[in-house]
Amino acid sequence: MSTELPVLTKKDFQSDQEVRWCPGCGDYAILKSVQTVLPELGLPKEKFVVVSGIGCSSRFPYYMDTFGFHTIHGRAPAIATGLKASRPDLEVWVATGDGDAMSIGGNHLIHVLRRNVGVKILMFNNRIYGLTKGQYSPTSEIGKRTKSTPFGSLDNPFNPLSLAIGAGATFVARSVDIFQKHLQETMLRAAAHKGTAFVEIYQNCNIFNDKAFTYMTDKGVRDDQALALEHGRPLVFGKERNRGIRLKGTQLEVIELGERHTEDDCLVWDETLDNSGMAFLLAQMTPPDFPTPIGILRSVEQPAYEDQIVAQIDHEIEAKGPGTLEDLIYSGETWEVGEDGQVT
Ligand SMILES: Cc1ncc(C[n+]2csc(CCOP(=O)(O)OP(=O)(O)O)c2C)c(N)n1
Ligand code: SF4
């Protein structure tokens, strides 16, 4: 009998469910990317699980022909953590939105990141609540007029990359729904990462926040407004590759390349720095002063949570024996409540 795995294709990851996103929604492109990338990992289909919270983006598991769990609002990281901790052999992917991950689920998100659980988090950032028809989200810009902020939002938005870096995430990246090649390459890198991979994906909600990212995705401006990070390469951008980023003192600065400056003056990007300070600086690059960085801001190796759990359990079993549930239950302070209600 052959033990070779069948070669899977994109089609193998497409479910028979009717996709219910609005026509033109950026979620379709993200779904296509995931369905393209997963077969490339060369793993059996039954190893994949997609866990989501609530939102348009969280409908993702229905459309993947893998195991999946459409859970409760904001709790995908908690459920994914439990799953990965008990079944480290599974490839656990989380699909979440900016509202799901950063409003109600903000607490769960920071804890999965600090623990470095081996799950891949795809956060679809459309800077709006889509499913509930257009309220502002924690990534909506100041002044945003929505159904819940009729006079304009007063809230400072979260920068998801800064938040992830601040929480100690070991893999932090950004891509864009319509940059298919870039998105797929980023997903492949996330898949290969041991520990939590956090990928922010700019996603157009054409119904409630249309064109939120055209300032850096439109063909005419993208070369000047998006900076694709490449490990080991200088930070250079622009249609003519005529602009760069340099470190001046403790700040980043855009420089014009030509007579006064050359590529040699630009910061050479290193995604593997243990100290997350530089990644944090890069995450702070926002328009209009800076191009928007896309690609991998941080990729460092640290022990994965599930490996540590397995090692700890193995160590304790070796020291104390396997034990039983009954032993555990009676191992601490126990008491009995008699029929008369007395505690002994
Ligand atoms: C406990 C709870 N509170 C509120 C809601 C309403 N609700 C559903 S989805 C959502 C936000 C979704 O926004 P986002 O995560 O950005 O996803 P999108 O729909 O934009 O993909 C909210 C507030 C809910 N379903 N459950
Ligand atoms: S409401 Fe927005 S995010 Fe939701 S399916 Fe429609 S276009 Fe997509």
# chains A, B, ... in the order shown; residues from 1 in each chain; ligands from 1

call {"tool": "residues_near_ligand", "arguments": {"ligand": "ligand 2", "cutoff": "8 Å", "atoms": "only C-alpha atoms and all ligand atoms", "output": "JSON list (two decimals) with N, CA and C atoms, in the first residue's frame"}}
result
[["chain", "number", "residue", "atom", "x", "y", "z"],
["A", 20, "ARG", "N", -21.47, 33.74, 1.38],
["A", 20, "ARG", "CA", -22.49, 34.78, 1.58],
["A", 20, "ARG", "C", -21.91, 36.17, 1.84],
["A", 21, "TRP", "N", -20.72, 36.42, 1.37],
["A", 21, "TRP", "CA", -20.20, 37.78, 1.50],
["A", 21, "TRP", "C", -20.78, 38.62, 0.37],
["A", 22, "CYS", "N", -20.82, 39.93, 0.56],
["A", 22, "CYS", "CA", -21.33, 40.82, -0.49],
["A", 22, "CYS", "C", -20.44, 40.70, -1.73],
["A", 23, "PRO", "N", -21.03, 40.78, -2.92],
["A", 23, "PRO", "CA", -20.19, 40.77, -4.12],
["A", 23, "PRO", "C", -19.18, 41.91, -4.04],
["A", 24, "GLY", "N", -17.92, 41.60, -4.35],
["A", 24, "GLY", "CA", -16.88, 42.64, -4.33],
["A", 24, "GLY", "C", -16.15, 42.76, -3.01],
["A", 25, "CYS", "N", -16.58, 42.02, -1.99],
["A", 25, "CYS", "CA", -15.92, 42.09, -0.67],
["A", 25, "CYS", "C", -14.49, 41.54, -0.76],
["A", 26, "GLY", "N", -13.58, 42.18, -0.04],
["A", 26, "GLY", "CA", -12.19, 41.73, -0.02],
["A", 26, "GLY", "C", -11.99, 40.35, 0.61],
["A", 27, "ASP", "N", -12.98, 39.88, 1.35],
["A", 27, "ASP", "CA", -12.86, 38.57, 1.99],
["A", 27, "ASP", "C", -12.66, 37.45, 0.95],
["A", 55, "GLY", "N", -18.44, 37.82, 12.94],
["A", 55, "GLY", "CA", -18.27, 38.93, 11.99],
["A", 55, "GLY", "C", -18.36, 38.36, 10.59],
["A", 56, "CYS", "N", -18.35, 39.23, 9.58],
["A", 56, "CYS", "CA", -18.36, 38.72, 8.21],
["A", 56, "CYS", "C", -17.14, 37.83, 8.01],
["A", 57, "SER", "N", -15.96, 38.34, 8.42],
["A", 57, "SER", "CA", -14.71, 37.59, 8.25],
["A", 57, "SER", "C", -14.77, 36.24, 8.95],
["A", 126, "ASN", "N", -10.84, 45.81, 8.06],
["A", 126, "ASN", "CA", -11.58, 46.70, 7.14],
["A", 126, "ASN", "C", -11.95, 48.01, 7.82],
["A", 129, "TYR", "N", -17.14, 47.70, 11.51],
["A", 129, "TYR", "CA", -17.91, 46.48, 11.78],
["A", 129, "TYR", "C", -18.76, 46.22, 10.54],
["A", 130, "GLY", "N", -18.46, 45.16, 9.82],
["A", 130, "GLY", "CA", -19.22, 44.86, 8.61],
["A", 130, "GLY", "C", -20.54, 44.16, 8.92],
["A", 131, "LEU", "N", -20.47, 43.08, 9.67],
["A", 131, "LEU", "CA", -21.66, 42.23, 9.88],
["A", 131, "LEU", "C", -22.82, 43.02, 10.47],
["A", 132, "THR", "N", -22.50, 43.92, 11.40],
["A", 132, "THR", "CA", -23.58, 44.65, 12.07],
["A", 132, "THR", "C", -23.92, 45.96, 11.36],
["A", 133, "LYS", "N", -23.44, 46.08, 10.15],
["A", 133, "LYS", "CA", -23.85, 47.13, 9.21],
["A", 133, "LYS", "C", -23.24, 48.51, 9.47],
["A", 134, "GLY", "N", -21.93, 48.51, 9.78],
["A", 134, "GLY", "CA", -21.22, 49.78, 9.64],
["A", 134, "GLY", "C", -21.05, 50.66, 10.86],
["A", 203, "GLN", "N", -8.40, 44.84, 4.28],
["A", 203, "GLN", "CA", -9.49, 44.21, 3.52],
["A", 203, "GLN", "C", -10.57, 45.23, 3.23],
["A", 204, "ASN", "N", -10.91, 45.35, 1.97],
["A", 204, "ASN", "CA", -11.92, 46.34, 1.61],
["A", 204, "ASN", "C", -13.33, 45.83, 1.90],
["A", 205, "CYS", "N", -14.07, 46.60, 2.69],
["A", 205, "CYS", "CA", -15.51, 46.35, 2.87],
["A", 205, "CYS", "C", -16.19, 47.34, 1.95],
["A", 206, "ASN", "N", -16.57, 46.85, 0.77],
["A", 206, "ASN", "CA", -17.07, 47.78, -0.25],
["A", 206, "ASN", "C", -18.47, 48.29, 0.06],
["A", 207, "ILE", "N", -19.10, 47.75, 1.09],
["A", 207, "ILE", "CA", -20.45, 48.21, 1.43],
["A", 207, "ILE", "C", -20.41, 49.32, 2.50],
["A", 208, "PHE", "N", -19.63, 49.10, 3.57],
["A", 208, "PHE", "CA", -19.69, 50.06, 4.67],
["A", 208, "PHE", "C", -18.42, 50.91, 4.85],
["A", 209, "ASN", "N", -17.35, 50.59, 4.14],
["A", 209, "ASN", "CA", -16.13, 51.41, 4.28],
["A", 209, "ASN", "C", -15.30, 51.30, 3.00]]

call {"tool": "select_by_dssp", "arguments": {"residues": "range 208-330 of chain A", "states": "strand (DSSP E)", "output": "PyMOL selection string"}}
result
chain A and resi 226-228+236-237+243-248+251-256+292-299

call {"tool": "closest_atom_pairs", "arguments": {"of": "range 37-127 of chain A", "to": "range 138-159 of chain A", "cutoff": "10 Å", "atoms": "only C-alpha atoms", "output": "tab-separated table"}}
result
residue	atom	partner	partner_atom	distance
A:Asp98	CA	A:Thr139	CA	6.7
A:Gly99	CA	A:Pro138	CA	6.6
A:Asp100	CA	A:Pro138	CA	9.9
A:Ala101	CA	A:Pro138	CA	9.5
A:Met102	CA	A:Pro138	CA	6.4
A:Ser103	CA	A:Pro138	CA	6.3
A:Gly106	CA	A:Pro138	CA	9.8
A:Asn125	CA	A:Thr139	CA	7.7
A:Asn126	CA	A:Thr139	CA	8.2
A:Arg127	CA	A:Ser140	CA	4.7

call {"tool": "atom_distance", "arguments": {"atom1": "CA of Ser15 in chain A", "atom2": "CA of Pro44 in chain A"}}
result
16.0 Å

call {"tool": "closest_residue", "arguments": {"among": "A:Leu122, A:Ala283, A:Ile104, A:Val176", "to": "Met216 in chain A", "atoms": "only C-alpha atoms"}}
result
A:Val176

call {"tool": "closest_residue", "arguments": {"among": "A:Asp265, A:Asp327, A:Asp210, A:Glu240", "to": "ligand 1", "atoms": "only C-alpha atoms and all ligand atoms"}}
result
A:Asp210

call {"tool": "residues_around", "arguments": {"residues": "range 84-97 of chain A", "least_positions_apart": "5", "cutoff": "9 Å", "atoms": "only C-alpha atoms", "output": "short mmCIF file (atom, residue, chain, number, x, y, z; two decimals) with N, CA and C atoms, in the first residue's frame"}}
result
data_model
loop_
_atom_site.label_atom_id
_atom_site.label_comp_id
_atom_site.auth_asym_id
_atom_site.auth_seq_id
_atom_site.Cartn_x
_atom_site.Cartn_y
_atom_site.Cartn_z
N GLU A 46 -6.88 16.71 6.94
CA GLU A 46 -7.48 16.58 8.27
C GLU A 46 -6.63 17.20 9.38
N LYS A 47 -5.46 17.71 9.01
CA LYS A 47 -4.62 18.38 10.02
C LYS A 47 -4.99 19.86 10.21
N PHE A 48 -5.82 20.39 9.31
CA PHE A 48 -6.12 21.82 9.36
C PHE A 48 -7.43 22.10 10.09
N VAL A 49 -7.39 23.13 10.92
CA VAL A 49 -8.60 23.60 11.60
C VAL A 49 -8.64 25.12 11.47
N VAL A 50 -9.79 25.65 11.10
CA VAL A 50 -9.94 27.10 11.06
C VAL A 50 -10.92 27.51 12.15
N VAL A 51 -10.46 28.37 13.04
CA VAL A 51 -11.28 28.83 14.17
C VAL A 51 -11.57 30.31 13.96
N SER A 52 -12.82 30.70 14.19
CA SER A 52 -13.15 32.12 14.00
C SER A 52 -14.02 32.60 15.15
N GLY A 53 -14.21 33.91 15.20
CA GLY A 53 -15.11 34.51 16.20
C GLY A 53 -16.43 34.84 15.53
N ILE A 54 -16.82 36.12 15.57
CA ILE A 54 -18.08 36.55 14.93
C ILE A 54 -17.81 37.79 14.08
N GLY A 55 -18.44 37.82 12.94
CA GLY A 55 -18.27 38.93 11.99
C GLY A 55 -18.36 38.36 10.59
N CYS A 56 -18.35 39.23 9.58
CA CYS A 56 -18.36 38.72 8.21
C CYS A 56 -17.14 37.83 8.01
N SER A 57 -15.96 38.34 8.42
CA SER A 57 -14.71 37.59 8.25
C SER A 57 -14.77 36.24 8.95
N SER A 58 -15.49 36.19 10.04
CA SER A 58 -15.54 34.96 10.83
C SER A 58 -16.42 33.88 10.21
N ARG A 59 -17.02 34.17 9.06
CA ARG A 59 -17.75 33.11 8.35
C ARG A 59 -16.78 32.19 7.62
N PHE A 60 -15.53 32.53 7.70
CA PHE A 60 -14.47 31.82 6.98
C PHE A 60 -14.51 30.29 7.10
N PRO A 61 -14.65 29.74 8.30
CA PRO A 61 -14.58 28.27 8.41
C PRO A 61 -15.61 27.54 7.54
N GLY A 74 -15.00 37.34 19.67
CA GLY A 74 -13.74 37.70 20.32
C GLY A 74 -12.99 36.56 20.95
N ALA A 76 -12.03 33.55 19.58
CA ALA A 76 -11.28 32.60 18.74
C ALA A 76 -9.89 32.32 19.29
N PRO A 77 -9.15 33.35 19.77
CA PRO A 77 -7.80 33.05 20.28
C PRO A 77 -7.83 32.09 21.48
N ILE A 79 -10.13 29.75 22.15
CA ILE A 79 -10.49 28.39 21.71
C ILE A 79 -9.35 27.78 20.90
N MET A 102 -10.10 43.09 18.22
CA MET A 102 -9.54 44.23 18.96
C MET A 102 -10.54 44.95 19.84
N VAL A 117 1.49 30.87 21.35
CA VAL A 117 0.83 29.62 20.96
C VAL A 117 0.98 29.46 19.44
N GLY A 118 1.23 28.26 18.99
CA GLY A 118 1.48 28.03 17.56
C GLY A 118 0.24 28.09 16.69
N VAL A 119 -0.43 29.23 16.67
CA VAL A 119 -1.59 29.40 15.80
C VAL A 119 -1.32 30.55 14.83
N LYS A 120 -1.97 30.50 13.69
CA LYS A 120 -1.79 31.55 12.66
C LYS A 120 -3.03 32.44 12.69
N ILE A 121 -2.83 33.70 13.01
CA ILE A 121 -3.98 34.60 13.13
C ILE A 121 -4.04 35.53 11.91
N LEU A 122 -5.14 35.42 11.17
CA LEU A 122 -5.36 36.32 10.04
C LEU A 122 -6.39 37.35 10.49
N MET A 123 -5.96 38.58 10.67
CA MET A 123 -6.91 39.60 11.10
C MET A 123 -7.29 40.47 9.91
N PHE A 124 -8.54 40.30 9.47
CA PHE A 124 -9.06 41.06 8.33
C PHE A 124 -9.39 42.46 8.84
N ASN A 125 -8.60 43.42 8.44
CA ASN A 125 -8.83 44.78 8.93
C ASN A 125 -9.53 45.61 7.87
N ASN A 126 -10.84 45.81 8.06
CA ASN A 126 -11.58 46.70 7.14
C ASN A 126 -11.95 48.01 7.82
N ARG A 127 -11.44 48.19 9.04
CA ARG A 127 -11.63 49.42 9.82
C ARG A 127 -13.10 49.76 10.04
N ILE A 128 -13.92 48.71 10.17
CA ILE A 128 -15.37 48.93 10.36
C ILE A 128 -15.97 47.62 10.88
N TYR A 129 -17.14 47.70 11.51
CA TYR A 129 -17.91 46.48 11.78
C TYR A 129 -18.76 46.22 10.54
N ALA A 191 2.75 30.35 8.00
CA ALA A 191 2.54 28.91 8.19
C ALA A 191 3.81 28.23 8.70
N TYR A 305 4.25 27.70 22.96
CA TYR A 305 3.53 27.38 24.21
C TYR A 305 3.20 25.90 24.31
N GLU A 306 2.70 25.34 23.20
CA GLU A 306 2.25 23.94 23.25
C GLU A 306 3.43 23.00 23.51
N ASP A 307 4.59 23.34 22.98
CA ASP A 307 5.77 22.49 23.22
C ASP A 307 6.15 22.53 24.69
N ILE A 309 4.09 23.08 27.16
CA ILE A 309 3.08 22.33 27.92
C ILE A 309 3.40 20.84 27.87
N VAL A 310 3.68 20.35 26.66
CA VAL A 310 3.98 18.92 26.49
C VAL A 310 5.21 18.55 27.34
#

call {"tool": "closest_residue", "arguments": {"among": "A:Leu183, A:Leu273, A:Val236, A:Val343", "to": "Ile255 in chain A", "atoms": "only C-alpha atoms"}}
result
A:Val236

call {"tool": "closest_residue", "arguments": {"among": "A:Leu31, A:Val300, A:Leu281, A:Ile201", "to": "Val19 in chain A", "atoms": "only C-alpha atoms"}}
result
A:Leu31

call {"tool": "closest_residue", "arguments": {"among": "A:Leu109, A:Leu257, A:Ile317, A:Ile165", "to": "Met278 in chain A", "atoms": "only C-alpha atoms"}}
result
A:Ile165

call {"tool": "atom_distance", "arguments": {"atom1": "CA of Val254 in chain A", "atom2": "CA of His231 in chain A"}}
result
18.8 Å

call {"tool": "closest_residue", "arguments": {"among": "A:Arg75, A:Glu4, A:Leu38, A:Phe67", "to": "ligand 1", "atoms": "only C-alpha atoms and all ligand atoms"}}
result
A:Arg75

call {"tool": "atom_distance", "arguments": {"atom1": "CA of Lys239 in chain A", "atom2": "CA of Phe290 in chain A"}}
result
14.9 Å

call {"tool": "select_by_dssp", "arguments": {"residues": "range 21-206 of chain A", "states": "alpha helix (DSSP H)", "output": "compact mmCIF listing (two decimals) with C-alpha atoms, in the first residue's frame"}}
result
# COMPACT_ATOMS: atom_id res chain seq x y z
CA ASP A 27 -12.86 38.57 1.99
CA TYR A 28 -13.09 36.58 -1.28
CA ALA A 29 -9.48 37.38 -2.14
CA ILE A 30 -8.30 36.32 1.31
CA LEU A 31 -10.24 33.06 1.04
CA LYS A 32 -8.67 32.42 -2.35
CA SER A 33 -5.20 33.02 -0.93
CA VAL A 34 -5.67 30.63 1.97
CA GLN A 35 -7.10 27.96 -0.32
CA THR A 36 -4.10 28.41 -2.59
CA VAL A 37 -1.51 28.32 0.15
CA PHE A 60 -14.47 31.82 6.98
CA PRO A 61 -14.58 28.27 8.41
CA TYR A 62 -17.80 27.51 6.47
CA TYR A 63 -16.05 28.11 3.19
CA ALA A 76 -11.28 32.60 18.74
CA PRO A 77 -7.80 33.05 20.28
CA ALA A 78 -8.92 31.35 23.50
CA ILE A 79 -10.49 28.39 21.71
CA ALA A 80 -7.58 28.10 19.31
CA THR A 81 -5.20 28.12 22.29
CA GLY A 82 -7.08 25.26 23.92
CA LEU A 83 -7.09 23.29 20.70
CA LYS A 84 -3.40 23.79 19.93
CA ALA A 85 -2.43 23.03 23.53
CA SER A 86 -4.30 19.73 23.50
CA ASP A 98 -10.66 44.15 13.56
CA GLY A 99 -13.79 44.36 15.71
CA GLY A 106 -8.74 42.46 22.61
CA ASN A 107 -7.93 40.74 25.86
CA HIS A 108 -7.82 37.27 24.33
CA LEU A 109 -5.68 38.47 21.47
CA ILE A 110 -2.91 39.91 23.65
CA HIS A 111 -2.71 36.72 25.69
CA VAL A 112 -2.40 34.38 22.74
CA LEU A 113 0.37 36.62 21.45
CA ARG A 114 2.33 36.80 24.71
CA ARG A 115 2.09 33.02 25.16
CA PRO A 160 -2.63 46.43 15.08
CA LEU A 161 1.04 45.86 14.32
CA SER A 162 2.18 48.00 17.26
CA LEU A 163 -0.29 46.24 19.51
CA ALA A 164 0.96 42.80 18.43
CA ILE A 165 4.60 43.80 18.81
CA GLY A 166 3.86 45.33 22.21
CA GLN A 180 -2.45 38.28 -4.00
CA LYS A 181 1.18 37.28 -4.55
CA HIS A 182 2.36 39.22 -1.53
CA LEU A 183 -0.49 37.91 0.58
CA GLN A 184 0.23 34.30 -0.33
CA GLU A 185 3.95 34.67 0.33
CA THR A 186 3.16 36.24 3.69
CA MET A 187 0.79 33.39 4.56
CA LEU A 188 3.42 30.82 3.64
CA ARG A 189 5.87 32.51 5.98
CA ALA A 190 3.23 32.61 8.72
CA ALA A 191 2.54 28.91 8.19
CA ALA A 192 6.22 28.08 8.61

call {"tool": "residues_around", "arguments": {"residues": "Gly295 in chain A", "least_positions_apart": "5", "cutoff": "6 Å", "atoms": "only C-alpha atoms", "output": "list in words"}}
result
Ala173, Arg174, Ala228 and Leu229 of chain A

call {"tool": "decode", "arguments": {"residues": "range 136-147 of chain A", "atoms": "all heavy atoms", "output": "JSON list (two decimals), in the first residue's frame"}}
result
[["chain", "number", "residue", "atom", "x", "y", "z"],
["A", 136, "TYR", "N", -18.27, 52.10, 13.83],
["A", 136, "TYR", "CA", -16.81, 52.27, 13.84],
["A", 136, "TYR", "C", -16.16, 51.15, 14.66],
["A", 136, "TYR", "O", -16.79, 50.54, 15.52],
["A", 136, "TYR", "CB", -16.42, 53.65, 14.34],
["A", 136, "TYR", "CG", -16.43, 53.91, 15.82],
["A", 136, "TYR", "CD1", -15.43, 54.67, 16.40],
["A", 136, "TYR", "CD2", -17.44, 53.43, 16.65],
["A", 136, "TYR", "CE1", -15.41, 54.94, 17.76],
["A", 136, "TYR", "CE2", -17.43, 53.69, 18.01],
["A", 136, "TYR", "CZ", -16.42, 54.44, 18.56],
["A", 136, "TYR", "OH", -16.41, 54.70, 19.90],
["A", 137, "SER", "N", -14.91, 50.89, 14.36],
["A", 137, "SER", "CA", -14.19, 49.82, 15.04],
["A", 137, "SER", "C", -12.94, 50.41, 15.69],
["A", 137, "SER", "O", -12.63, 51.59, 15.47],
["A", 137, "SER", "CB", -13.80, 48.73, 14.03],
["A", 137, "SER", "OG", -12.50, 48.99, 13.50],
["A", 138, "PRO", "N", -12.18, 49.61, 16.44],
["A", 138, "PRO", "CA", -10.98, 50.17, 17.08],
["A", 138, "PRO", "C", -9.88, 50.55, 16.09],
["A", 138, "PRO", "O", -8.87, 51.10, 16.51],
["A", 138, "PRO", "CB", -10.49, 49.03, 17.98],
["A", 138, "PRO", "CG", -11.62, 48.09, 18.09],
["A", 138, "PRO", "CD", -12.44, 48.24, 16.86],
["A", 139, "THR", "N", -10.05, 50.22, 14.82],
["A", 139, "THR", "CA", -9.04, 50.66, 13.86],
["A", 139, "THR", "C", -9.56, 51.78, 12.95],
["A", 139, "THR", "O", -8.85, 52.22, 12.04],
["A", 139, "THR", "CB", -8.54, 49.47, 12.98],
["A", 139, "THR", "OG1", -9.65, 48.89, 12.31],
["A", 139, "THR", "CG2", -7.83, 48.43, 13.81],
["A", 140, "SER", "N", -10.80, 52.23, 13.21],
["A", 140, "SER", "CA", -11.33, 53.35, 12.40],
["A", 140, "SER", "C", -10.57, 54.63, 12.74],
["A", 140, "SER", "O", -10.19, 54.85, 13.90],
["A", 140, "SER", "CB", -12.81, 53.58, 12.71],
["A", 140, "SER", "OG", -13.58, 52.44, 12.40],
["A", 141, "GLU", "N", -10.38, 55.46, 11.74],
["A", 141, "GLU", "CA", -9.61, 56.68, 11.94],
["A", 141, "GLU", "C", -10.41, 57.74, 12.71],
["A", 141, "GLU", "O", -11.64, 57.71, 12.70],
["A", 141, "GLU", "CB", -9.14, 57.23, 10.58],
["A", 141, "GLU", "CG", -10.21, 57.62, 9.60],
["A", 141, "GLU", "CD", -10.80, 56.44, 8.79],
["A", 141, "GLU", "OE1", -10.56, 55.28, 9.13],
["A", 141, "GLU", "OE2", -11.53, 56.73, 7.83],
["A", 142, "ILE", "N", -9.67, 58.64, 13.35],
["A", 142, "ILE", "CA", -10.32, 59.75, 14.07],
["A", 142, "ILE", "C", -11.16, 60.54, 13.06],
["A", 142, "ILE", "O", -10.74, 60.77, 11.93],
["A", 142, "ILE", "CB", -9.26, 60.66, 14.74],
["A", 142, "ILE", "CG1", -8.60, 59.91, 15.89],
["A", 142, "ILE", "CG2", -9.90, 61.97, 15.24],
["A", 142, "ILE", "CD1", -7.50, 60.70, 16.59],
["A", 143, "GLY", "N", -12.34, 60.92, 13.49],
["A", 143, "GLY", "CA", -13.21, 61.72, 12.62],
["A", 143, "GLY", "C", -14.13, 60.87, 11.77],
["A", 143, "GLY", "O", -14.98, 61.41, 11.04],
["A", 144, "LYS", "N", -14.00, 59.54, 11.86],
["A", 144, "LYS", "CA", -14.81, 58.65, 11.01],
["A", 144, "LYS", "C", -16.29, 58.78, 11.37],
["A", 144, "LYS", "O", -16.67, 58.61, 12.53],
["A", 144, "LYS", "CB", -14.36, 57.20, 11.23],
["A", 144, "LYS", "CG", -15.12, 56.22, 10.42],
["A", 144, "LYS", "CD", -14.24, 55.68, 9.36],
["A", 144, "LYS", "CE", -15.02, 55.00, 8.29],
["A", 144, "LYS", "NZ", -14.44, 55.24, 6.99],
["A", 145, "ARG", "N", -17.09, 59.07, 10.37],
["A", 145, "ARG", "CA", -18.54, 59.15, 10.61],
["A", 145, "ARG", "C", -19.16, 57.81, 10.28],
["A", 145, "ARG", "O", -19.01, 57.31, 9.15],
["A", 145, "ARG", "CB", -19.17, 60.22, 9.73],
["A", 145, "ARG", "CG", -18.87, 61.63, 10.19],
["A", 145, "ARG", "CD", -19.43, 62.65, 9.22],
["A", 145, "ARG", "NE", -18.97, 63.98, 9.58],
["A", 145, "ARG", "CZ", -19.63, 64.81, 10.38],
["A", 145, "ARG", "NH1", -20.79, 64.46, 10.87],
["A", 145, "ARG", "NH2", -19.14, 66.00, 10.66],
["A", 146, "THR", "N", -19.80, 57.21, 11.26],
["A", 146, "THR", "CA", -20.47, 55.94, 11.05],
["A", 146, "THR", "C", -21.81, 56.01, 11.78],
["A", 146, "THR", "O", -22.13, 57.02, 12.41],
["A", 146, "THR", "CB", -19.67, 54.75, 11.64],
["A", 146, "THR", "OG1", -19.69, 54.84, 13.06],
["A", 146, "THR", "CG2", -18.23, 54.73, 11.15],
["A", 147, "LYS", "N", -22.53, 54.88, 11.74],
["A", 147, "LYS", "CA", -23.84, 54.86, 12.42],
["A", 147, "LYS", "C", -23.69, 55.08, 13.92],
["A", 147, "LYS", "O", -24.58, 55.62, 14.56],
["A", 147, "LYS", "CB", -24.52, 53.53, 12.15],
["A", 147, "LYS", "CG", -25.05, 53.49, 10.73],
["A", 147, "LYS", "CD", -25.61, 52.15, 10.37],
["A", 147, "LYS", "CE", -25.99, 52.17, 8.90],
["A", 147, "LYS", "NZ", -26.04, 50.86, 8.31]]
